[in-house]
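Here's the structure we're looking at; comments come further down.
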Amino acid sequence: MKIDTMTTRQLASYFDYSLLTPNCRQEEFDRFLATARALHPYSVAINGSWVSYAVDQLKDSDVKVGSTAGFPFGQMSVATKVSEARLALDEGADEIDYVLNISRLLDHDYDYIAREMREMAAVCHDHEAVCKVILENCYLTTEEIRAACLTAVAEGMDFVKTSTGFGPGGAELKDVRLMKETVGILAGVKAAGAMRSLYKTAQMIEAGATRIGSAFLSQILEEFDRRNKK
């Protein structure tokens, strides 16, 4: 898919518009929600404490609410992640982005990773919600990324995601291509982390990303509009 054929609204619909900082205050969060209502991303991606408020504030809009579990390091127990996801879903979240246990993946403990994915997919799908697993590719080899993607498909993940944005690296083009090649049509690919420009957004979509995670939605859409007016 090339963005040259898109309208601004179509491009916006690729985005999970994120505000995940630990120091966010009410005024900033309200501005964030107002921007989401105006720009029509697919969803907002927020921390769990804001879910019920966001659901209420966006209830008459077309913007879905996504929350996190095990974020940003993935080092909680499976039970903790499942409980965190269930609470957000009970409060109205439509999607969960969760960080897999990176240490277990680096140890190639794929039985653990599979069980974690299976339980997270189950709690999300019981609520008719989407489950995205964050791999944090900056820590992984090509083979580890491929193995995690294959496990994700086998265990029912809806999306594989590149990054949290809190690690030492974000979405990379080669990784998005690898992830798309591995999951094919069986799962979506979300590119996130360091997604600040229209150029990088276009690269990721053309490589097969079906969702973009970014806090820079306004700037990217403004750049898109300026380019189209030339």
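For the structure tokens, the naming scheme is as follows: chains receive sequential letters (A, B, ...) according to their order of presentation, residues are indexed from 1 within each chain, and ligands are indexed from 1 in presentation order.
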Could you list, with a cut-off of 12 Å and counting only C-alpha atoms, the residues of stretch 38-103 of chain A near stretch 183-203 of chain A, each shown with its nearest atom pair and the distance in Å rounded to one decimal, rows sorted by chain and ascending number, as JSON lines?
{"residue": "A:Ala45", "atom": "CA", "partner": "A:Ala192", "partner_atom": "CA", "distance": 11.2}
{"residue": "A:Pro72", "atom": "CA", "partner": "A:Gly193", "partner_atom": "CA", "distance": 11.9}
{"residue": "A:Asp97", "atom": "CA", "partner": "A:Lys190", "partner_atom": "CA", "distance": 10.1}
request  = Would you kindly return, as a PyMOL selection string, each protein, DNA or RNA residue with an atom no farther than 8 Å from any atom of stretch 40-43 of chain A, considering only C-alpha atoms and excluding same-chain residues fewer than 3 positions away?
outcome  = chain A and resi 9+12-17+36-37+62-66
Keeping only N, CA, C and O atoms, write the selected residues to a file as a PDB file, in the first residue's frame.
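To be explicit, this is the file written out as part-v7.pdb:
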ATOM      1  N   ARG A   9      -7.830  11.391   5.899  1.00  0.00           N
ATOM      2  CA  ARG A   9      -8.629  10.572   6.815  1.00  0.00           C
ATOM      3  C   ARG A   9      -8.216   9.094   6.724  1.00  0.00           C
ATOM      4  O   ARG A   9      -8.147   8.403   7.741  1.00  0.00           O
ATOM      5  N   ALA A  12      -4.921   8.713   8.561  1.00  0.00           N
ATOM      6  CA  ALA A  12      -5.146   8.788  10.009  1.00  0.00           C
ATOM      7  C   ALA A  12      -5.656   7.467  10.566  1.00  0.00           C
ATOM      8  O   ALA A  12      -5.330   7.091  11.701  1.00  0.00           O
ATOM      9  N   SER A  13      -6.418   6.739   9.769  1.00  0.00           N
ATOM     10  CA  SER A  13      -7.030   5.498  10.251  1.00  0.00           C
ATOM     11  C   SER A  13      -6.015   4.375  10.456  1.00  0.00           C
ATOM     12  O   SER A  13      -6.355   3.333  11.011  1.00  0.00           O
ATOM     13  N   TYR A  14      -4.769   4.577  10.032  1.00  0.00           N
ATOM     14  CA  TYR A  14      -3.712   3.604  10.304  1.00  0.00           C
ATOM     15  C   TYR A  14      -3.138   3.762  11.715  1.00  0.00           C
ATOM     16  O   TYR A  14      -2.414   2.887  12.185  1.00  0.00           O
ATOM     17  N   PHE A  15      -3.457   4.851  12.393  1.00  0.00           N
ATOM     18  CA  PHE A  15      -2.732   5.212  13.607  1.00  0.00           C
ATOM     19  C   PHE A  15      -3.418   4.782  14.887  1.00  0.00           C
ATOM     20  O   PHE A  15      -4.621   4.957  15.063  1.00  0.00           O
ATOM     21  N   ASP A  16      -2.606   4.238  15.790  1.00  0.00           N
ATOM     22  CA  ASP A  16      -2.913   4.210  17.204  1.00  0.00           C
ATOM     23  C   ASP A  16      -2.191   5.433  17.786  1.00  0.00           C
ATOM     24  O   ASP A  16      -0.954   5.418  17.934  1.00  0.00           O
ATOM     25  N   TYR A  17      -2.936   6.458  18.068  1.00  0.00           N
ATOM     26  CA  TYR A  17      -2.384   7.728  18.557  1.00  0.00           C
ATOM     27  C   TYR A  17      -2.082   7.580  20.040  1.00  0.00           C
ATOM     28  O   TYR A  17      -2.980   7.315  20.827  1.00  0.00           O
ATOM     29  N   ALA A  36      -7.537  13.677  19.169  1.00  0.00           N
ATOM     30  CA  ALA A  36      -8.002  12.401  18.615  1.00  0.00           C
ATOM     31  C   ALA A  36      -9.388  12.546  17.992  1.00  0.00           C
ATOM     32  O   ALA A  36      -9.642  12.032  16.891  1.00  0.00           O
ATOM     33  N   ARG A  37     -10.288  13.235  18.656  1.00  0.00           N
ATOM     34  CA  ARG A  37     -11.633  13.435  18.118  1.00  0.00           C
ATOM     35  C   ARG A  37     -11.586  14.196  16.799  1.00  0.00           C
ATOM     36  O   ARG A  37     -12.361  13.920  15.878  1.00  0.00           O
ATOM     37  N   ASP A  62     -15.649   8.035  16.630  1.00  0.00           N
ATOM     38  CA  ASP A  62     -15.286   6.798  15.926  1.00  0.00           C
ATOM     39  C   ASP A  62     -13.915   6.276  16.363  1.00  0.00           C
ATOM     40  O   ASP A  62     -13.362   5.376  15.735  1.00  0.00           O
ATOM     41  N   VAL A  63     -13.369   6.825  17.445  1.00  0.00           N
ATOM     42  CA  VAL A  63     -12.036   6.476  17.902  1.00  0.00           C
ATOM     43  C   VAL A  63     -12.121   5.388  18.965  1.00  0.00           C
ATOM     44  O   VAL A  63     -12.804   5.546  19.979  1.00  0.00           O
ATOM     45  N   LYS A  64     -11.431   4.277  18.743  1.00  0.00           N
ATOM     46  CA  LYS A  64     -11.404   3.188  19.715  1.00  0.00           C
ATOM     47  C   LYS A  64     -10.388   3.487  20.817  1.00  0.00           C
ATOM     48  O   LYS A  64      -9.531   4.363  20.661  1.00  0.00           O
ATOM     49  N   VAL A  65     -10.496   2.738  21.899  1.00  0.00           N
ATOM     50  CA  VAL A  65      -9.596   2.924  23.033  1.00  0.00           C
ATOM     51  C   VAL A  65      -8.729   1.679  23.194  1.00  0.00           C
ATOM     52  O   VAL A  65      -9.245   0.564  23.332  1.00  0.00           O
ATOM     53  N   GLY A  66      -7.427   1.892  23.156  1.00  0.00           N
ATOM     54  CA  GLY A  66      -6.473   0.810  23.374  1.00  0.00           C
ATOM     55  C   GLY A  66      -5.693   1.045  24.654  1.00  0.00           C
ATOM     56  O   GLY A  66      -5.354   2.189  24.983  1.00  0.00           O
TER      57      GLY A  66
END
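The shortest atom-to-atom distance to A:Ala69, with only C-alpha atoms taken into account, belongs to A:Glu84 out of A:Asp56, A:Glu143, A:Glu84, A:Glu95.
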task = In Å, rounded to a single decimal, give me how far atom CA of A:Thr8 is from atom CA of A:Asp30.
result = 23.0 Å
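Nearest-residue note for A:Thr210: choosing from A:Arg25, A:Asp94, A:Met179, A:Ser61, the minimum distance belongs to A:Met179, counting only C-alpha atoms.
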inquiry  = Under the rule that only C-alpha atoms are counted, which of A:Leu217, A:Val130, A:Ile46, A:Lys174 is the nearest residue to A:Thr142?
reply    = A:Lys174
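Among the candidates A:Gln57, A:Ser67, A:Thr182, A:Thr162, the one nearest to A:Arg31 when counting only C-alpha atoms is A:Gln57.
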